[in-house]
Amino acid sequence: MVEEVKNHLTDCIIPFWKKLRDDEHGGYYGWMDFDLSVDKKAVKGCILNSRITWFFANAYLLLKDESLLAEARHGYEFMQKYCVDKEKGGVYWSVAYDGTPEDTTKHTYNQAFSIYALSSYYDASGDKEALDTAMALFHIIEERCMDEIGYKEAFDREFREIDNDKLSENGVMAEKTMNTLLHVFEAYTELYRVSGNEDVKKRLTWILDTIADKIYNPALHRQEVFFDREMNSILDLHSYGHDIETAWLIRRGTDILGDKSYEEKMLPIILDLTGQVYKVAFDGHSLANECEKGVVSEDRIWWVQAETVVGFLNGYALAPEHKEYLEAAKAQWEFIKEHVIDKRAGSEWFWLVTKSGEPVAGKPIVEPWKCPYHNGRMCLEVIRRNVDVA
């Protein structure tokens, strides 16, 4: 499996995203439809470009191919020139194809992904400006995106709070979300890894405590997803993909922290989330999307399938007596290989397939959320872990 995944990374994912590089206006093209037509004048999501920058930086760190560092630099320069608001601070939600501001919303989730990208780019390039920008965004989140309970979500350009429509789904308007907290944690993990900053470390431990005390629901063996301002859950929803992703991201965070007390505190949660997802959402081949009020969404979404591979490999590493997790990771890769990877020339992964693996027409191949962050990271993690699942 490791060799197959590495070949997929180098022969498919990397070349695909290199071809979406915009050398005229900077960054990467923001849209490819189901029929593989690229819209070169589509909006460029700042999340899309930060995730692509993160991907190429990490691919370079692993593979040491200088062309990958050049791609990361291309993404980084676009971020610095167009996505960062030089006047008001923070990062925009999106810009037009030529870099002019398009949606000037400042979202905590988006600030986090910029930190994630900038931290990895600093590690890859040694460019101190990238780390300085990441630290400036860290202070913006901590000083402007917090209340006494936790991270608020959505703001206008001047950081006045607005409705959180971008991270709310399933018919609710959430004031706080598990999703944003998770990715702030992920970003801070990377920032702490490359900086060793004690303020970042303190926030990482605070987030872990918040996950354990307010997000994780031990009675239901899951995380709650959407919350009101006081962190009360507002919807009966089990997000299988987020739970399996959270499990391995928490472990990465505790590894980077190097604090045994947090490793011990979070390990039962990691194993519980992994075990429950395996029990209720994995059908032996692939992972369902979510369960709302007892009704399961059987969609097979690209990012959920990618995170399932890493999550089950993580579960097996932590509890090797659970060989079923190793087999699940192997089976999930086979499903991805046969059904989720789009074998048409010039494509990458389908956005969505059915439970039986049929692609759902109409969903784009590239859009503001669809990028090499999940599937590319899956490849990098499988290679790094070098687990023999052949």
# chains A, B, ... in the order shown; residues from 1 in each chain; ligands from 1
call {"tool": "residues_around", "arguments": {"residues": "segment 261-265 of chain A", "least_positions_apart": "2", "cutoff": "10 Å", "atoms": "only C-alpha atoms", "output": "number ranges by chain"}}
result
A: 205, 208-209, 212, 250-255, 257-259, 267-270
call {"tool": "write_last_selection", "arguments": {"atoms": "all heavy atoms", "output": "CSV table (one decimal), in the first residue's frame"}}
result
chain,number,residue,atom,x,y,z
A,205,THR,N,-3.0,23.4,25.0
A,205,THR,CA,-3.5,22.7,26.1
A,205,THR,C,-4.9,23.1,26.5
A,205,THR,O,-5.7,22.3,26.8
A,205,THR,CB,-2.5,22.9,27.3
A,205,THR,OG1,-2.4,24.3,27.7
A,205,THR,CG2,-1.2,22.3,27.0
A,208,LEU,N,-7.2,21.4,24.0
A,208,LEU,CA,-7.3,20.0,24.4
A,208,LEU,C,-8.3,19.8,25.6
A,208,LEU,O,-9.2,18.9,25.6
A,208,LEU,CB,-6.0,19.3,24.7
A,208,LEU,CG,-5.1,19.1,23.6
A,208,LEU,CD1,-3.7,18.7,24.1
A,208,LEU,CD2,-5.6,18.0,22.6
A,209,ASP,N,-8.2,20.7,26.6
A,209,ASP,CA,-9.1,20.6,27.7
A,209,ASP,C,-10.6,20.9,27.2
A,209,ASP,O,-11.5,20.2,27.7
A,209,ASP,CB,-8.7,21.7,28.7
A,209,ASP,CG,-7.5,21.3,29.5
A,209,ASP,OD1,-7.2,20.1,29.6
A,209,ASP,OD2,-6.8,22.2,30.0
A,212,ALA,N,-12.0,17.8,25.5
A,212,ALA,CA,-12.3,16.8,26.4
A,212,ALA,C,-13.5,17.1,27.2
A,212,ALA,O,-14.3,16.3,27.5
A,212,ALA,CB,-11.1,16.6,27.3
A,250,ILE,N,-5.6,14.9,17.2
A,250,ILE,CA,-5.3,15.0,18.6
A,250,ILE,C,-4.0,14.3,18.9
A,250,ILE,O,-3.1,14.9,19.7
A,250,ILE,CB,-6.4,14.5,19.4
A,250,ILE,CG1,-7.7,15.4,19.4
A,250,ILE,CG2,-6.0,14.3,20.9
A,250,ILE,CD1,-8.9,14.8,20.1
A,251,ARG,N,-3.8,13.1,18.4
A,251,ARG,CA,-2.6,12.4,18.7
A,251,ARG,C,-1.3,13.1,18.2
A,251,ARG,O,-0.3,13.2,18.9
A,251,ARG,CB,-2.6,11.0,18.2
A,251,ARG,CG,-1.4,10.1,18.6
A,251,ARG,CD,-1.3,10.0,20.1
A,251,ARG,NE,-0.2,9.2,20.5
A,251,ARG,CZ,0.0,8.8,21.7
A,251,ARG,NH1,-0.9,9.0,22.7
A,251,ARG,NH2,1.1,8.1,22.0
A,252,ARG,N,-1.4,13.7,17.0
A,252,ARG,CA,-0.3,14.5,16.5
A,252,ARG,C,0.0,15.6,17.4
A,252,ARG,O,1.1,15.9,17.7
A,252,ARG,CB,-0.6,14.9,15.1
A,252,ARG,CG,0.5,15.9,14.5
A,252,ARG,CD,0.3,16.2,13.1
A,252,ARG,NE,1.1,17.3,12.6
A,252,ARG,CZ,2.4,17.2,12.4
A,252,ARG,NH1,3.1,16.1,12.6
A,252,ARG,NH2,3.1,18.3,12.1
A,253,GLY,N,-1.1,16.3,17.9
A,253,GLY,CA,-0.9,17.4,18.8
A,253,GLY,C,-0.2,17.1,20.1
A,253,GLY,O,0.7,17.8,20.5
A,254,THR,N,-0.7,16.0,20.7
A,254,THR,CA,-0.1,15.6,21.9
A,254,THR,C,1.4,15.1,21.7
A,254,THR,O,2.2,15.3,22.6
A,254,THR,CB,-0.9,14.5,22.7
A,254,THR,OG1,-1.0,13.4,21.8
A,254,THR,CG2,-2.2,15.0,23.1
A,255,ASP,N,1.7,14.5,20.6
A,255,ASP,CA,3.1,14.2,20.3
A,255,ASP,C,3.9,15.4,20.2
A,255,ASP,O,5.1,15.4,20.7
A,255,ASP,CB,3.1,13.4,19.0
A,255,ASP,CG,2.7,11.9,19.1
A,255,ASP,OD1,2.5,11.5,20.3
A,255,ASP,OD2,2.4,11.3,18.1
A,257,LEU,N,3.3,18.4,21.5
A,257,LEU,CA,3.4,19.0,22.8
A,257,LEU,C,4.4,18.3,23.7
A,257,LEU,O,5.1,18.9,24.5
A,257,LEU,CB,2.0,18.9,23.5
A,257,LEU,CG,1.0,20.0,23.2
A,257,LEU,CD1,-0.3,19.7,23.9
A,257,LEU,CD2,1.6,21.4,23.7
A,258,GLY,N,4.5,17.0,23.6
A,258,GLY,CA,5.4,16.2,24.4
A,258,GLY,C,5.1,16.2,25.9
A,258,GLY,O,6.0,16.1,26.8
A,259,ASP,N,3.8,16.4,26.2
A,259,ASP,CA,3.3,16.4,27.6
A,259,ASP,C,2.6,15.1,27.9
A,259,ASP,O,1.5,14.8,27.4
A,259,ASP,CB,2.4,17.6,27.8
A,259,ASP,CG,2.0,17.8,29.2
A,259,ASP,OD1,1.8,16.8,30.0
A,259,ASP,OD2,1.8,19.0,29.6
A,267,LEU,N,-5.8,10.0,25.2
A,267,LEU,CA,-5.8,8.7,24.6
A,267,LEU,C,-7.1,7.9,24.7
A,267,LEU,O,-7.6,7.4,23.6
A,267,LEU,CB,-4.7,7.8,25.2
A,267,LEU,CG,-4.5,6.4,24.6
A,267,LEU,CD1,-4.3,6.4,23.1
A,267,LEU,CD2,-3.4,5.6,25.4
A,268,PRO,N,-7.8,7.9,25.8
A,268,PRO,CA,-9.1,7.2,25.8
A,268,PRO,C,-10.1,7.8,24.9
A,268,PRO,O,-10.9,7.1,24.3
A,268,PRO,CB,-9.5,7.4,27.3
A,268,PRO,CG,-8.3,7.6,28.1
A,268,PRO,CD,-7.4,8.4,27.2
A,269,ILE,N,-10.0,9.2,24.7
A,269,ILE,CA,-11.0,9.8,23.8
A,269,ILE,C,-10.6,9.4,22.4
A,269,ILE,O,-11.5,9.1,21.6
A,269,ILE,CB,-10.9,11.4,24.0
A,269,ILE,CG1,-11.3,11.7,25.4
A,269,ILE,CG2,-11.7,12.1,22.9
A,269,ILE,CD1,-11.1,13.2,25.7
A,270,ILE,N,-9.4,9.4,22.0
A,270,ILE,CA,-8.9,9.0,20.7
A,270,ILE,C,-9.4,7.6,20.4
A,270,ILE,O,-10.0,7.4,19.3
A,270,ILE,CB,-7.4,9.1,20.6
A,270,ILE,CG1,-6.9,10.5,20.7
A,270,ILE,CG2,-6.9,8.4,19.3
A,270,ILE,CD1,-5.4,10.7,20.8
call {"tool": "closest_atom_pairs", "arguments": {"of": "segment 20-75 of chain A", "to": "segment 364-377 of chain A", "cutoff": "6 Å", "atoms": "only C-alpha atoms", "output": "tab-separated table"}}
result
residue	atom	partner	partner_atom	distance
A:Gly30	CA	A:Glu367	CA	5.6
A:Trp31	CA	A:Glu367	CA	4.8
A:Met32	CA	A:Val366	CA	4.7
A:Asp33	CA	A:Pro364	CA	4.2
A:Phe34	CA	A:Pro364	CA	4.6
A:Gly45	CA	A:Pro368	CA	5.0
A:Leu48	CA	A:Pro368	CA	5.3
A:Arg51	CA	A:Tyr373	CA	5.6
call {"tool": "select_by_dssp", "arguments": {"residues": "segment 74-257 of chain A", "states": "helix (DSSP H, G or I)", "output": "PyMOL selection string"}}
result
chain A and resi 74-83+108-125+128-144+178-195+198-215+240-257
call {"tool": "select_by_dssp", "arguments": {"residues": "segment 52-300 of chain A", "states": "strand (DSSP E)", "output": "PyMOL selection string"}}
result
chain A and resi 94-95+101-103+106-107+154-155+176-177+216-217+222-223+226-227+237-239+290-292+295-297+300
call {"tool": "residues_around", "arguments": {"residues": "Glu334 of chain A", "least_positions_apart": "3", "cutoff": "12 Å", "atoms": "only C-alpha atoms", "output": "ChimeraX atom specification"}}
result
/A:1,4-5,284-286,305-306,309,327-331,337-341,357,389-390
call {"tool": "residues_around", "arguments": {"residues": "segment 177-186 of chain A", "least_positions_apart": "4", "cutoff": "8 Å", "atoms": "only C-alpha atoms", "output": "ChimeraX atom specification"}}
result
/A:108-109,112-113,116,151,153,167-168,190,204,207,215,223-227,242,246,249,253
call {"tool": "closest_residue", "arguments": {"among": "A:Tyr92, A:Phe16, A:Tyr325, A:Phe312", "to": "Glu158 of chain A", "atoms": "only C-alpha atoms"}}
result
A:Tyr92
call {"tool": "closest_residue", "arguments": {"among": "A:Ser50, A:Glu292, A:Met266, A:Glu324", "to": "Tyr278 of chain A", "atoms": "only C-alpha atoms"}}
result
A:Glu324
